[in-house]
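Trainee: Okay, here's the structure, questions in a sec.
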Amino acid sequence: MDRREFLKTSVVSLLTAGVVGIPRRSVGQETAAAAAVLRLGSQEGRIPGGSLRDKVLKLESWGGVGLEIGGAPAERVAEIKDAIKGTKVTVSALCWGSCNGDLVSMDAPKRREGIAALKKALDVAGELGSTGVIFVPCFHKQSELTPAQLDPILLEILPELADHAKSRGTRVLLEPLNQGETFYLNRLEQAVAFCAKLNHAGLGLMGDFYHMGKEEKDDREAFAKAGPWLHHVHLASRTRVLPGQDDRSFVEGFKGLKQIGFRDFCSLECGIKKDTDPEIEIPKAFRLLEDQWRLAAG
Ligand code: MG
C-alpha cells in the first residue's frame, strides 16, 4: 500500500467508524440558545508591565477579562495562576503554533513527536482552564505536501488530539492564516470543514481579524458559517496594529459573532503604531471595540 492509498484508507476508516457525523447543533439553534457577549482580552506580551501580575492588573483595570499565553509553558502554570488570582481575568487561549509542521509530517516519528507535544500543551491548557490551544498545521516552507495531501493527514491526526483535549476540558483550535504566512487553511470555512466532519467537542477553530481582512470576502458571513465551532478571536487592525489605529472596522465581524451567540474571548494579537503609548492606546482600543460591538446591532 503506498502512502496515498494508506491515507485514503485511513479516512475511509474514520468515516466507517462513525467519527464523521451530522453536527449536533445548527447555527440557527446556537443563535437561539445564547446571547453573545464581548469578552475582551490580550496576549500577555501586548500589555506593558514588569511582572505577569502587573500586566493582569492593568488589563483588568482597562476592562479586559482574558489573558492569552504564548506557547504552553508547563513551568509557568503556578505563576499564571497566581497572576490572575482574585481578579476577573481568566486564561483565554494558549497561542501554540505549528511545531515546525511536525504534526503533518510524512516522517512518522516526527509526527508522533509533534502529536505528543500538542498533547502536553493541551494538558497545560486544561490545568489553566483555557478555552483551547491554537494550532496551525504548517506555515510556509514547513511542508512539501499539497493541501490535497495534507487534508487526509489532518483528518487522521485530529480525532486523537480532540479526544485528548476533551479529556482535559479544552480544545484544539485551528487557526486559518493569510496566504503570506501559509498555503494551507487560509479561510475560516476551510477549518470549519474539519470541525463539521469530525463534530468533536475537543475540536474548534478561531478567527483572526487581521488574516480575515486579507482572505475573507465578508467577515460576518465567515463567522456565521463558523457557528458553534468558533471558540476564539484575535483582534488586530488592517496593518496589524491596535484596533482603531487604522481604518479597519470590526462592525461586520461583530454582527457575525452576535449572530452565532459567541461567548468566548476576543484577544489582542497585534503591534502598536510607532511612537504611541500602549497605556493610552490599549484602553482606547477596548472602548472603540465596545462601541463597534454596540453598533453591530444586527
Ligand atoms: Mg492570530
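So you can find residues: chains in the C-alpha cells are A, B, ... in the order shown, residues in each start at 1, and ligands are numbered from 1 in order.
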Give me, as a ChimeraX atom specification, the residues of region 29-237 of chain A that a backbone DSSP run labels alpha helix (DSSP H).
Mentor: /A:29-33,52-61,77-84,108-128,147-167,188-198,209-215,219-226
Trainee: List all protein, DNA and RNA residues that have an atom no more than 7 Å from any atom of ligand 1, counting only C-alpha atoms and all ligand atoms, and report them as an mmCIF file with C-alpha atoms, in the first residue's frame.
Mentor:
data_model
loop_
_atom_site.group_PDB
_atom_site.id
_atom_site.type_symbol
_atom_site.label_atom_id
_atom_site.label_comp_id
_atom_site.auth_asym_id
_atom_site.auth_seq_id
_atom_site.Cartn_x
_atom_site.Cartn_y
_atom_site.Cartn_z
ATOM 1 C CA GLU A 175 -6.263 28.995 13.106
ATOM 2 C CA ASP A 208 -8.179 36.452 13.343
ATOM 3 C CA HIS A 234 -7.750 37.529 17.503
ATOM 4 C CA GLU A 269 -2.722 39.912 18.848
#
Trainee: If we count only C-alpha atoms and set the cut-off at 7 Å, which residues sit around region 94-111 of chain A, ignoring sequence neighbours fewer than 6 positions away in its own chain? Please answer as a PyMOL selection string.
Mentor: chain A and resi 68-72+125+132-138+142-143+150+153-154
Trainee: Hey, what's within 9 Å of Val172 (chain A) if we count only C-alpha atoms and toss same-chain stuff fewer than 4 positions away? As a list in words, please?
Mentor: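 These residues fall inside the cut-off: Leu118, Leu122, Thr131, Gly132, Val133, Ile134, Phe135, Leu158, Leu161, Ala162, Ala165, Lys166, Gly202, Leu203, Gly204 and Leu205 of chain A.
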Trainee: Write out as number ranges by chain all residues of region 46-221 of chain A that backbone DSSP assigns to strand (DSSP E or B).
Mentor: A: 66-70, 90-97, 132-135, 172-174, 203-208
Trainee: Any chance you could tabulate, as a Markdown table, the residues of region 31-50 of chain A at most 10 Å from region 282-288 of chain A with each one's nearest atom pair and distance in Å to one decimal, using only C-alpha atoms, in chain and rising number order?
Mentor:
| residue | atom | partner | partner_atom | distance |
| --- | --- | --- | --- | --- |
| A:Leu40 | CA | A:Phe286 | CA | 7.3 |
| A:Gly41 | CA | A:Phe286 | CA | 8.9 |
| A:Ser42 | CA | A:Ile282 | CA | 9.5 |
| A:Arg46 | CA | A:Ile282 | CA | 8.9 |
| A:Ile47 | CA | A:Ile282 | CA | 8.2 |
| A:Pro48 | CA | A:Ile282 | CA | 9.8 |
Trainee: Please save N, CA and C atoms of the selected residues as a PDB file, in the first residue's frame.
Mentor:
ATOM      1  N   LEU A  40     -13.296  40.970  26.161  1.00  0.00           N
ATOM      2  CA  LEU A  40     -12.022  41.428  25.606  1.00  0.00           C
ATOM      3  C   LEU A  40     -10.842  40.900  26.401  1.00  0.00           C
ATOM      4  N   GLY A  41      -9.750  40.767  25.720  1.00  0.00           N
ATOM      5  CA  GLY A  41      -8.531  40.316  26.385  1.00  0.00           C
ATOM      6  C   GLY A  41      -7.335  40.616  25.511  1.00  0.00           C
ATOM      7  N   SER A  42      -6.203  40.053  25.897  1.00  0.00           N
ATOM      8  CA  SER A  42      -4.975  40.342  25.168  1.00  0.00           C
ATOM      9  C   SER A  42      -3.951  39.239  25.359  1.00  0.00           C
ATOM     10  N   ARG A  46       1.482  41.890  24.769  1.00  0.00           N
ATOM     11  CA  ARG A  46       0.976  43.192  24.308  1.00  0.00           C
ATOM     12  C   ARG A  46       0.795  44.196  25.459  1.00  0.00           C
ATOM     13  N   ILE A  47       0.649  43.652  26.681  1.00  0.00           N
ATOM     14  CA  ILE A  47       0.364  44.510  27.841  1.00  0.00           C
ATOM     15  C   ILE A  47       1.677  44.944  28.482  1.00  0.00           C
ATOM     16  N   PRO A  48       1.872  46.236  28.670  1.00  0.00           N
ATOM     17  CA  PRO A  48       3.100  46.672  29.337  1.00  0.00           C
ATOM     18  C   PRO A  48       3.067  46.299  30.822  1.00  0.00           C
TER      19      PRO A  48
END
Trainee: Counting only C-alpha atoms, give me one row per residue of region 170-192 of chain A with an atom at most 7 Å from an atom of region 209-229 of chain A, showing the shortest contact pair and its distance in Å to one decimal, sorted by chain then residue number, as JSON lines.
Mentor:
{"residue": "A:Leu177", "atom": "CA", "partner": "A:His211", "partner_atom": "CA", "distance": 5.5}
{"residue": "A:Asn178", "atom": "CA", "partner": "A:His211", "partner_atom": "CA", "distance": 4.9}
{"residue": "A:Asn186", "atom": "CA", "partner": "A:Glu215", "partner_atom": "CA", "distance": 6.6}
{"residue": "A:Arg187", "atom": "CA", "partner": "A:Glu215", "partner_atom": "CA", "distance": 6.1}
{"residue": "A:Leu188", "atom": "CA", "partner": "A:Ala222", "partner_atom": "CA", "distance": 6.2}
{"residue": "A:Glu189", "atom": "CA", "partner": "A:Ala226", "partner_atom": "CA", "distance": 6.8}
{"residue": "A:Val192", "atom": "CA", "partner": "A:Ala226", "partner_atom": "CA", "distance": 5.8}
Trainee: Hey, which of A:Thr146, A:Tyr184, A:Leu155, A:Arg39 ends up closest to Leu235 (chain A)? Count only C-alpha atoms.
Mentor: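 When distances to Leu235 (chain A) are compared using only C-alpha atoms, the smallest one comes from A:Arg39.
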Trainee: Quote the spacing between CA of His200 (chain A) and CA of Val233 (chain A) in Å to one decimal place.
Mentor: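 Separating CA of His200 (chain A) from CA of Val233 (chain A) is a distance of 19.6 Å.
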Trainee: Looking at A:Ile280, A:Leu52, A:Ala35, A:Val124, which one is nearest to Glu75 (chain A), with distances taken over only C-alpha atoms?
Mentor: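 Using only C-alpha atoms, Glu75 (chain A) sits closest to A:Val124.
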Trainee: Could you name the residues that touch Ile80 (chain A) at 10 Å or less, counting only C-alpha atoms, but leaving out those on the same chain fewer than 6 positions away, as number ranges by chain?
Mentor: A: 52-53, 56, 67, 69, 73, 90-91, 128
Trainee: Next, write the just-selected residues to a file, as a CSV table (one decimal), in the first residue's frame, keeping C-alpha atoms as the atom set.
Mentor:
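Output file selection08.csv is given in full below:
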chain,number,residue,atom,x,y,z
A,52,LEU,CA,2.7,39.0,34.8
A,53,ARG,CA,0.7,40.1,37.9
A,56,VAL,CA,-3.1,41.2,34.6
A,67,LEU,CA,-5.2,36.6,29.2
A,69,ILE,CA,-0.5,33.0,27.0
A,73,PRO,CA,4.7,26.7,29.4
A,90,THR,CA,-9.1,34.2,33.3
A,91,VAL,CA,-6.8,32.4,30.8
A,128,LEU,CA,-5.2,26.7,33.3
